[in-house]
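Q: After the structure tokens below, expect a handful of questions from me.
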Amino acid sequence: MTDQSSTDKQITVDGSVWILPQEPDAADVFKQIETALENGTVARIAVLDAKRRRVEILVNGRTVTNVVLDAGVDPRPSETSG
């Protein structure tokens, strides 16, 4: 990937990582997903796969077990192990 990968906004849906394109605004995408999760509806989200090809995913708010929204904001929290 390019240097841009470090600043990409990403979503992880049940373990699958997707890159958010520049448009639409990530805040709008995050809101669509949040609404689907709260209401048990489906959100259709335009994303990029690992090879940066445009695809659409459907986030089913009734069946998704976890969603991670990564806004690409730095600094990142550090990870420690004990």
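Quick note on naming: the chains in the structure tokens go A, B, ... in the order shown, residues restart at 1 in each chain, and ligands are numbered from 1 in order of appearance.
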Tell me, counting only C-alpha atoms, for each residue of range 6-56 of chain A within 12 Å of range 67-71 of chain A, which pair of atoms is nearest and how far apart they are in Å to one decimal, in rows ordered by chain and increasing number, as a tab-separated table.

A:
residue	atom	partner	partner_atom	distance
A:Ser6	CA	A:Ala71	CA	11.0
A:Thr7	CA	A:Ala71	CA	8.6
A:Asp8	CA	A:Ala71	CA	7.7
A:Lys9	CA	A:Ala71	CA	4.8
A:Gln10	CA	A:Asp70	CA	5.0
A:Ile11	CA	A:Leu69	CA	4.7
A:Thr12	CA	A:Val68	CA	4.9
A:Val13	CA	A:Val67	CA	4.7
A:Asp14	CA	A:Val67	CA	6.3
A:Gly15	CA	A:Val67	CA	8.2
A:Ser16	CA	A:Val67	CA	9.4
A:Val17	CA	A:Val68	CA	9.0
A:Trp18	CA	A:Leu69	CA	10.0
A:Ile19	CA	A:Asp70	CA	9.5
A:Leu20	CA	A:Ala71	CA	9.4
A:Pro21	CA	A:Ala71	CA	11.9
A:Gln22	CA	A:Ala71	CA	11.8
A:Asp25	CA	A:Ala71	CA	10.7
A:Ala26	CA	A:Ala71	CA	7.5
A:Ala27	CA	A:Ala71	CA	8.6
A:Asp28	CA	A:Ala71	CA	11.9
A:Val29	CA	A:Leu69	CA	9.5
A:Phe30	CA	A:Leu69	CA	7.0
A:Lys31	CA	A:Leu69	CA	10.4
A:Gln32	CA	A:Leu69	CA	11.7
A:Ile33	CA	A:Val67	CA	8.5
A:Glu34	CA	A:Val67	CA	9.3
A:Ala36	CA	A:Val67	CA	11.3
A:Leu37	CA	A:Val67	CA	9.2

Q: What would the file look like if the residues just selected were written as a compact mmCIF listing (two decimals), in the first residue's frame with N, CA, C and O atoms?

A:
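File part.txt, as written:
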# COMPACT_ATOMS: atom_id res chain seq x y z
N SER A 6 -1.45 4.84 6.25
CA SER A 6 -1.35 5.19 7.66
C SER A 6 -2.39 6.22 8.07
O SER A 6 -2.65 6.38 9.25
N THR A 7 -2.98 6.92 7.11
CA THR A 7 -3.99 7.93 7.43
C THR A 7 -5.38 7.50 7.01
O THR A 7 -6.33 8.25 7.19
N ASP A 8 -5.53 6.29 6.46
CA ASP A 8 -6.83 5.80 6.04
C ASP A 8 -7.76 5.64 7.23
O ASP A 8 -7.35 5.18 8.29
N LYS A 9 -9.01 5.98 7.00
CA LYS A 9 -10.05 5.67 7.97
C LYS A 9 -10.55 4.28 7.61
O LYS A 9 -10.68 3.93 6.45
N GLN A 10 -10.81 3.46 8.62
CA GLN A 10 -11.19 2.08 8.38
C GLN A 10 -12.38 1.69 9.24
O GLN A 10 -12.60 2.26 10.30
N ILE A 11 -13.09 0.67 8.76
CA ILE A 11 -14.09 0.02 9.59
C ILE A 11 -13.77 -1.47 9.58
O ILE A 11 -13.30 -2.01 8.58
N THR A 12 -13.98 -2.09 10.71
CA THR A 12 -13.82 -3.54 10.83
C THR A 12 -15.18 -4.09 11.22
O THR A 12 -15.74 -3.69 12.24
N VAL A 13 -15.72 -4.96 10.38
CA VAL A 13 -17.03 -5.54 10.62
C VAL A 13 -16.84 -7.04 10.81
O VAL A 13 -16.42 -7.74 9.88
N ASP A 14 -17.10 -7.51 12.02
CA ASP A 14 -16.95 -8.92 12.35
C ASP A 14 -15.61 -9.48 11.87
O ASP A 14 -15.53 -10.55 11.28
N GLY A 15 -14.54 -8.72 12.07
CA GLY A 15 -13.20 -9.17 11.75
C GLY A 15 -12.69 -8.83 10.36
O GLY A 15 -11.51 -8.99 10.08
N SER A 16 -13.56 -8.37 9.47
CA SER A 16 -13.13 -7.99 8.12
C SER A 16 -12.85 -6.49 8.09
O SER A 16 -13.71 -5.69 8.47
N VAL A 17 -11.66 -6.11 7.63
CA VAL A 17 -11.23 -4.71 7.62
C VAL A 17 -11.50 -4.10 6.25
O VAL A 17 -11.15 -4.69 5.22
N TRP A 18 -12.09 -2.93 6.24
CA TRP A 18 -12.41 -2.19 5.02
C TRP A 18 -11.90 -0.77 5.16
O TRP A 18 -11.94 -0.19 6.24
N ILE A 19 -11.43 -0.19 4.06
CA ILE A 19 -10.93 1.18 4.04
C ILE A 19 -12.04 2.09 3.56
O ILE A 19 -12.73 1.78 2.58
N LEU A 20 -12.21 3.22 4.22
CA LEU A 20 -13.21 4.19 3.78
C LEU A 20 -12.60 5.10 2.72
O LEU A 20 -11.50 5.63 2.92
N PRO A 21 -13.28 5.30 1.60
CA PRO A 21 -12.77 6.22 0.59
C PRO A 21 -12.84 7.66 1.11
O PRO A 21 -13.48 7.93 2.13
N GLN A 22 -12.19 8.59 0.41
CA GLN A 22 -12.19 10.00 0.82
C GLN A 22 -13.61 10.55 0.92
O GLN A 22 -13.92 11.34 1.80
N ASP A 25 -17.97 11.58 3.63
CA ASP A 25 -17.32 11.88 4.90
C ASP A 25 -17.47 10.70 5.86
O ASP A 25 -18.54 10.09 5.97
N ALA A 26 -16.39 10.36 6.53
CA ALA A 26 -16.39 9.22 7.45
C ALA A 26 -17.44 9.38 8.55
O ALA A 26 -18.05 8.41 8.97
N ALA A 27 -17.65 10.60 9.01
CA ALA A 27 -18.64 10.83 10.07
C ALA A 27 -20.03 10.39 9.62
O ALA A 27 -20.80 9.82 10.40
N ASP A 28 -20.36 10.62 8.34
CA ASP A 28 -21.65 10.18 7.81
C ASP A 28 -21.73 8.65 7.78
O ASP A 28 -22.77 8.08 8.11
N VAL A 29 -20.64 8.01 7.38
CA VAL A 29 -20.60 6.54 7.34
C VAL A 29 -20.75 5.99 8.75
O VAL A 29 -21.53 5.05 8.99
N PHE A 30 -20.02 6.55 9.71
CA PHE A 30 -20.10 6.09 11.09
C PHE A 30 -21.53 6.23 11.60
O PHE A 30 -22.05 5.36 12.30
N LYS A 31 -22.21 7.32 11.26
CA LYS A 31 -23.59 7.56 11.70
C LYS A 31 -24.54 6.53 11.07
O LYS A 31 -25.44 6.02 11.74
N GLN A 32 -24.35 6.20 9.78
CA GLN A 32 -25.19 5.19 9.13
C GLN A 32 -25.06 3.85 9.83
O GLN A 32 -26.06 3.15 10.06
N ILE A 33 -23.84 3.48 10.18
CA ILE A 33 -23.61 2.20 10.85
C ILE A 33 -24.22 2.22 12.25
O ILE A 33 -24.88 1.27 12.66
N GLU A 34 -24.02 3.31 12.96
CA GLU A 34 -24.59 3.43 14.30
C GLU A 34 -26.11 3.31 14.26
O GLU A 34 -26.71 2.60 15.08
N ALA A 36 -27.93 1.76 11.98
CA ALA A 36 -28.27 0.37 11.67
C ALA A 36 -28.16 -0.52 12.90
O ALA A 36 -29.03 -1.37 13.14
N LEU A 37 -27.12 -0.31 13.70
CA LEU A 37 -26.94 -1.12 14.90
C LEU A 37 -28.03 -0.83 15.93
O LEU A 37 -28.55 -1.74 16.57

Q: For Asn39 in chain A, find every residue with an atom within 12 Å (counting only C-alpha atoms), except residues of its own chain fewer than 4 positions away, and show them as an MDAnalysis selection string.

A: chainID A and resid 32:35 43 59:63

Q: Could you give me, as a list of chain:residue names, each residue of chain A that DSSP assigns to helix (DSSP H, G or I) when run on this structure's backbone?

A: A:Asp3, A:Gln4, A:Ser5, A:Ser6, A:Thr7, A:Ala26, A:Ala27, A:Asp28, A:Val29, A:Phe30, A:Lys31, A:Gln32, A:Ile33, A:Glu34, A:Thr35, A:Ala36, A:Leu37, A:Glu38, A:Asn39

Q: Report, in Å to a single decimal, how far apart CA of Ala50 in chain A and CA of Glu38 in chain A are.

A: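 One can read the CA of Glu38 in chain A to CA of Ala50 in chain A distance as 28.0 Å.
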
Q: Quote the spacing between CA of Gly40 in chain A and CA of Val73 in chain A in Å to one decimal place.

A: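 Taking CA of Gly40 in chain A and CA of Val73 in chain A, their separation equals 28.3 Å.
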